[in-house]
Each structure stands twice: as structure tokens, then as C-alpha cells.
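Q: Shown below is the structure under consideration.
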Amino acid sequence: MANLPAPGSLAPPADRISPASDQAVCHAQLVVRHIGRMVPGMGKAVRPIVGLVLGCLAVAGGFGDYIPLSLDRPLARAADDYPLGPDSQRREGVPRGTITAAQTFRSQIFPGTVREYWVYAPANHDAAKPAAFMVFQDGPSYMKEDGQFRVPVVFDNLIAQGDLPPMLAIFVTPGTLPPDVPGGKPRSNRSFEYDGLGDGYARFLLEELLPAVERTHKLSRNPECRGLGGISSGGICAWTAAWERPDEFRRVLSHVGSFTNIRGGYAYPGLIRKAPKKPIRAFLQEGENDLDNLFGNWPLANRQMDAALKASQYDYRFVMGDGGHNGKHGGALLPESLRWLFRDWKDHAP
């Protein structure tokens, strides 16, 4: 018999664990716990033996290789359990970029609205030289170092590794409107700005936000170096701005994008199929347990985007996970998605 690993010491890769094997491990764990309660100390002693038996059963069940099953492994990753990887953690020796103080301004494109923005710049950045950039809608959720996305941390690490150019990140909030009455609460203009089709938000970026940023940071004019990202309504917003102005923005990152009927976004799969292909590179992330409500079904809507982009031969990636309407999966994927979006950055001068 070939040399075998210690019984019970290995777990099969996740993509080689069948539902039947998970059920077997579940029952075995219950048996081990029961033995442990009846005879103190015995539960731990029988683990290797039970693991060996399960490993042999796995061969008979079609795994193909002898792989003893560990009774200490988690049965399966819980839905929406996406831990952040090392590129989303602070690393010793990696230079840290800086983030400006919040800047407030009023929009004329969206009359009466007020919003804030922040600019991340990598370490040793020369503000006089044009730089590639990404604009993140719902900016604070992407900017937080202890949040689900941690863009400043990811940018620092990927720039240090050479996987991203020395690029800027612009974090912007949706607009708010002042209260209708004294003492009232401000009103969010987010859905109007983010969910609506048309060129309104692209105009806001080009005519108002980016000129404001350029007062302190020179921005690339190369559309291959200019990206947009967002979550939920911010995801469809990023797509819409690039769709309307691919001459200005050609990188799109959408997390659980709202390609549903909030304000007509469900039309995009048909538009993508019928319109001439546009030079947009897009990374779309979605979750099986995302929203399903009066506006539509988010997983279905994103699958329709996937099918349309595939049929029209776009340069895109679509990743479906098991998560809900949040940034857990998108945050875990952020380093990979940014590497992919800017994989050829050395071929494009800012």
C-alpha cells in the first residue's frame, strides 16, 4: 500500500467535497461528540480512526484518491463567509499613501445637492504628474480601513507589488438635499443620481467632480487609466457612466450591482446586445442570496448582464458567490478584481 498521510490529518479541497461526504462528516462528528460525553477523553482518541474510515469511504464514493477526512474541519463555509486575504491587511514595510481631508461642494448638474469627496494618493506621489485613478461611489464605505473593502490598504499593497500603477482613488458620496422645512432632515439624492440611465452622472464626473480634484491632483486623460466602481446602485452607476462615455472611462467594478427596475436598469442586457460593442472592461460580482423584491431579482439581473456581455464578446469577468446584498464577497475579491482590471497598465501611459 502506498505511503499514506496520517489518518484524519487532511481535508479534501473544497471543490472535491460532495454533499454526501459532508453529511458523512456531520454524522461522524455527532458520533465522536457522543462518545466523548459518554467516556471522557475517548472522543479525541477515536477521531483518527473515524477519519480513516471516512477516507476509505470517500474512495468508494468517487473521490478517486485516498484523502482521510478531518473531523476538525468546518463542514462547509457558511454562506456569505468571505475572509479578507493578505492584500487587504496592513503589511510591514509597505509605504502608506495619504488621504486628503473631506472636501465639500455643491453640484449644478444635480441642483441643490451637496456632497463630499476624498482623494487617496500613494506614497511619494507627484501631484504634478498625471495619474491613473478610480472613482468609488458611496466613497466612505470603500475608504474605511476597517471596512469590507479597505481600498487604501489594497492600493498600498498592490502598488508596492507592481500590480497597480501609482494611481489615485477618489471617494465621493451621493448628493444630499437640504431639509424642506426648518429642523427637518436632509434628503438623499442617491437613487436619482445612481440608478437613473442617461448621461447625468457622467456629466457630473466630467464637469464637476474631476475638475475639482484636479485643483490639487493631475489626472490621466487616457480612458484606459480611468475607472469607476461602486456597490449596489453605485455598481450600476459606474457602468452607466462608462456606457455613456467610454471615451472617458473604460474600467468598471460592480459589486452586487442593481441592474434591476429601480429606474430602468433592467434594460442594460438588451442594450448591450443591440448596441455596437464599447471598449469597456468590467468586473461584476454578485451573490446567490442577493435581493429579490418589487424592483427585481438581483442574481437574475446580474446573470442577464453576464449573458449579454458574453454574447457581445466584452472583456469582462463575472463572479457569482453565495452572499447577500453587501460587500463581503466583493471586498474579499477586491485585490484580484483590481489586478485583473488593470492587468495591462504598463501598456497605457497616463
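Just remember, in the C-alpha cells the first chain shown is A, the second B, etc., residues are 1-based per chain, and ligands are 1-based in the order shown.
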DSSP on the backbone, strand (DSSP E or B) only: what residues of segment 127-307 of chain A does that give? Format it as a VMD selection string.
A: chain A and resid 131 133 to 137 168 to 172 176 to 177 187 to 188 219 226 to 231 251 to 255 281 to 287 292 to 293 296 to 297
Q: Just the selected residues (N, CA, C and O atoms), exported as a compact mmCIF listing (two decimals), in the first residue's frame, please.
A:
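Saved to out-v9.txt:
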# COMPACT_ATOMS: atom_id res chain seq x y z
N ALA A 131 -1.98 60.97 -13.25
CA ALA A 131 -2.05 59.66 -12.62
C ALA A 131 -3.33 58.94 -13.03
O ALA A 131 -4.38 59.56 -13.22
N PHE A 133 -6.58 56.61 -12.16
CA PHE A 133 -7.44 56.74 -10.97
C PHE A 133 -8.68 55.88 -11.09
O PHE A 133 -9.09 55.47 -12.17
N MET A 134 -9.26 55.62 -9.92
CA MET A 134 -10.58 55.01 -9.81
C MET A 134 -11.45 55.94 -8.99
O MET A 134 -10.99 56.50 -7.99
N VAL A 135 -12.71 56.11 -9.41
CA VAL A 135 -13.69 56.85 -8.62
C VAL A 135 -14.63 55.83 -7.98
O VAL A 135 -15.24 55.01 -8.69
N PHE A 136 -14.73 55.87 -6.66
CA PHE A 136 -15.61 54.96 -5.94
C PHE A 136 -16.84 55.71 -5.44
O PHE A 136 -16.73 56.64 -4.64
N GLN A 137 -18.00 55.29 -5.94
CA GLN A 137 -19.27 55.84 -5.46
C GLN A 137 -19.53 55.28 -4.06
O GLN A 137 -19.00 54.25 -3.68
N LEU A 168 -4.48 57.04 -8.14
CA LEU A 168 -5.30 57.70 -7.15
C LEU A 168 -6.62 56.96 -6.96
O LEU A 168 -7.08 56.25 -7.86
N ALA A 169 -7.22 57.14 -5.81
CA ALA A 169 -8.59 56.69 -5.56
C ALA A 169 -9.39 57.90 -5.10
O ALA A 169 -8.97 58.62 -4.18
N ILE A 170 -10.50 58.14 -5.76
CA ILE A 170 -11.37 59.27 -5.41
C ILE A 170 -12.64 58.68 -4.80
O ILE A 170 -13.32 57.87 -5.43
N PHE A 171 -12.92 59.07 -3.58
CA PHE A 171 -14.09 58.56 -2.86
C PHE A 171 -15.12 59.69 -2.77
O PHE A 171 -14.82 60.76 -2.22
N VAL A 172 -16.30 59.46 -3.30
CA VAL A 172 -17.31 60.52 -3.33
C VAL A 172 -18.64 60.01 -2.80
O VAL A 172 -19.02 58.85 -3.02
N THR A 176 -26.85 65.12 -1.25
CA THR A 176 -27.99 65.28 -0.34
C THR A 176 -28.62 66.64 -0.59
O THR A 176 -27.94 67.60 -1.00
N LEU A 177 -29.91 66.70 -0.34
CA LEU A 177 -30.67 67.95 -0.50
C LEU A 177 -31.03 68.49 0.88
O LEU A 177 -31.28 67.71 1.81
N ARG A 187 -32.38 65.20 2.57
CA ARG A 187 -32.89 64.12 1.74
C ARG A 187 -31.79 63.62 0.81
O ARG A 187 -31.06 64.40 0.21
N SER A 188 -31.68 62.31 0.73
CA SER A 188 -30.67 61.70 -0.14
C SER A 188 -31.10 61.78 -1.60
O SER A 188 -32.26 61.52 -1.93
N LEU A 219 -4.80 64.50 -13.23
CA LEU A 219 -5.41 63.23 -13.58
C LEU A 219 -5.09 62.81 -15.01
O LEU A 219 -4.97 63.66 -15.90
N ARG A 226 -8.64 55.19 -16.43
CA ARG A 226 -9.68 55.85 -15.65
C ARG A 226 -10.81 54.85 -15.39
O ARG A 226 -11.46 54.36 -16.31
N GLY A 227 -11.03 54.54 -14.09
CA GLY A 227 -12.01 53.52 -13.73
C GLY A 227 -13.06 54.04 -12.76
O GLY A 227 -12.89 55.07 -12.11
N LEU A 228 -14.16 53.29 -12.69
CA LEU A 228 -15.28 53.63 -11.82
C LEU A 228 -15.73 52.38 -11.08
O LEU A 228 -15.74 51.28 -11.65
N GLY A 229 -16.11 52.54 -9.81
CA GLY A 229 -16.56 51.39 -9.05
C GLY A 229 -17.66 51.76 -8.08
O GLY A 229 -17.83 52.93 -7.71
N GLY A 230 -18.44 50.75 -7.68
CA GLY A 230 -19.50 51.00 -6.73
C GLY A 230 -20.23 49.73 -6.34
O GLY A 230 -20.10 48.70 -7.00
N ILE A 231 -21.01 49.84 -5.29
CA ILE A 231 -21.78 48.72 -4.78
C ILE A 231 -23.26 49.02 -4.89
O ILE A 231 -23.69 50.16 -4.68
N ARG A 251 -12.84 51.28 -17.35
CA ARG A 251 -12.70 50.23 -16.34
C ARG A 251 -13.87 50.35 -15.38
O ARG A 251 -14.11 51.42 -14.81
N VAL A 252 -14.60 49.24 -15.17
CA VAL A 252 -15.80 49.26 -14.32
C VAL A 252 -15.72 48.12 -13.32
O VAL A 252 -15.44 46.97 -13.69
N LEU A 253 -16.00 48.43 -12.06
CA LEU A 253 -16.05 47.44 -10.99
C LEU A 253 -17.42 47.54 -10.32
O LEU A 253 -17.75 48.57 -9.73
N SER A 254 -18.21 46.48 -10.43
CA SER A 254 -19.56 46.48 -9.87
C SER A 254 -19.70 45.39 -8.82
O SER A 254 -19.43 44.21 -9.09
N HIS A 255 -20.11 45.78 -7.62
CA HIS A 255 -20.38 44.83 -6.54
C HIS A 255 -21.90 44.78 -6.32
O HIS A 255 -22.52 45.82 -6.07
N ARG A 281 -13.95 47.46 -20.07
CA ARG A 281 -13.55 46.24 -19.35
C ARG A 281 -14.26 46.28 -17.99
O ARG A 281 -14.13 47.25 -17.25
N ALA A 282 -14.99 45.20 -17.67
CA ALA A 282 -15.83 45.22 -16.47
C ALA A 282 -15.63 43.97 -15.64
O ALA A 282 -15.49 42.86 -16.17
N PHE A 283 -15.66 44.16 -14.32
CA PHE A 283 -15.64 43.06 -13.35
C PHE A 283 -16.91 43.18 -12.53
O PHE A 283 -17.13 44.17 -11.84
N LEU A 284 -17.76 42.14 -12.61
CA LEU A 284 -19.04 42.13 -11.91
C LEU A 284 -19.05 41.02 -10.87
O LEU A 284 -18.72 39.86 -11.18
N GLN A 285 -19.44 41.35 -9.64
CA GLN A 285 -19.57 40.38 -8.56
C GLN A 285 -21.01 40.36 -8.10
O GLN A 285 -21.66 41.40 -7.99
N GLU A 286 -21.52 39.16 -7.81
CA GLU A 286 -22.91 39.01 -7.37
C GLU A 286 -23.02 37.84 -6.40
O GLU A 286 -22.08 37.02 -6.29
N GLY A 287 -24.13 37.75 -5.67
CA GLY A 287 -24.34 36.68 -4.71
C GLY A 287 -25.67 35.99 -4.90
O GLY A 287 -26.68 36.63 -5.21
N ASP A 292 -34.35 40.03 -3.73
CA ASP A 292 -35.43 39.64 -4.63
C ASP A 292 -36.66 40.35 -4.12
O ASP A 292 -37.25 39.96 -3.10
N ASN A 293 -37.05 41.46 -4.79
CA ASN A 293 -38.14 42.28 -4.28
C ASN A 293 -38.92 42.90 -5.44
O ASN A 293 -38.80 42.47 -6.58
N GLY A 296 -37.03 43.72 -8.62
CA GLY A 296 -36.45 42.65 -9.42
C GLY A 296 -35.64 41.68 -8.60
O GLY A 296 -35.57 41.77 -7.36
N ASN A 297 -35.02 40.75 -9.29
CA ASN A 297 -34.17 39.73 -8.67
C ASN A 297 -32.72 40.04 -9.04
O ASN A 297 -32.34 39.94 -10.21
Q: Would you please extract all alpha helix (DSSP H) residues from segment 259-317 of chain A, as assigned by DSSP on the backbone, and give them as a short mmCIF file (atom, residue, chain, number, x, y, z; two decimals) with C-alpha atoms, in the first residue's frame?
A:
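The file below, selection.cif, is the result:
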data_model
loop_
_atom_site.label_atom_id
_atom_site.label_comp_id
_atom_site.auth_asym_id
_atom_site.auth_seq_id
_atom_site.Cartn_x
_atom_site.Cartn_y
_atom_site.Cartn_z
CA TYR A 268 -28.99 47.04 -20.00
CA PRO A 269 -28.75 43.40 -21.15
CA GLY A 270 -30.87 44.26 -24.20
CA LEU A 271 -28.94 47.46 -24.84
CA ILE A 272 -25.62 45.62 -24.62
CA ARG A 273 -26.78 43.02 -27.13
CA LYS A 274 -28.13 45.55 -29.65
CA TRP A 298 -30.55 40.84 -8.31
CA PRO A 299 -28.89 37.46 -9.04
CA LEU A 300 -31.04 37.02 -12.14
CA ALA A 301 -30.36 40.58 -13.32
CA ASN A 302 -26.61 40.10 -12.96
CA ARG A 303 -26.76 36.77 -14.76
CA GLN A 304 -28.53 38.56 -17.60
CA MET A 305 -25.66 41.06 -17.67
CA ASP A 306 -23.22 38.16 -17.73
CA ALA A 307 -25.01 36.53 -20.67
CA ALA A 308 -25.26 39.78 -22.62
CA LEU A 309 -21.61 40.71 -22.08
CA LYS A 310 -20.57 37.21 -23.13
CA ALA A 311 -22.76 37.26 -26.24
#
Q: Would you list the contacts of Arg343 of chain A as a ChimeraX atom specification, taking every protein, DNA or RNA residue within 12 Å and counting only C-alpha atoms, but skipping same-chain residues closer than 2 positions in sequence?
A: /A:158,162-165,224-225,251,281,335-341,345-348
Q: Can you list, as number ranges by chain, every protein, DNA or RNA residue that comes within 10 Å of segment 150-157 of chain A when you count only C-alpha atoms, leaving out same-chain residues fewer than 3 positions away?
A: A: 84-91, 93-99, 120-123, 136, 139-147, 160-169, 171, 331-332, 334-335, 338
Q: For His325 of chain A, which of A:Thr216, A:Thr173, A:Thr104, A:Ser233 is the closest residue, counting only C-alpha atoms?
A: A:Ser233
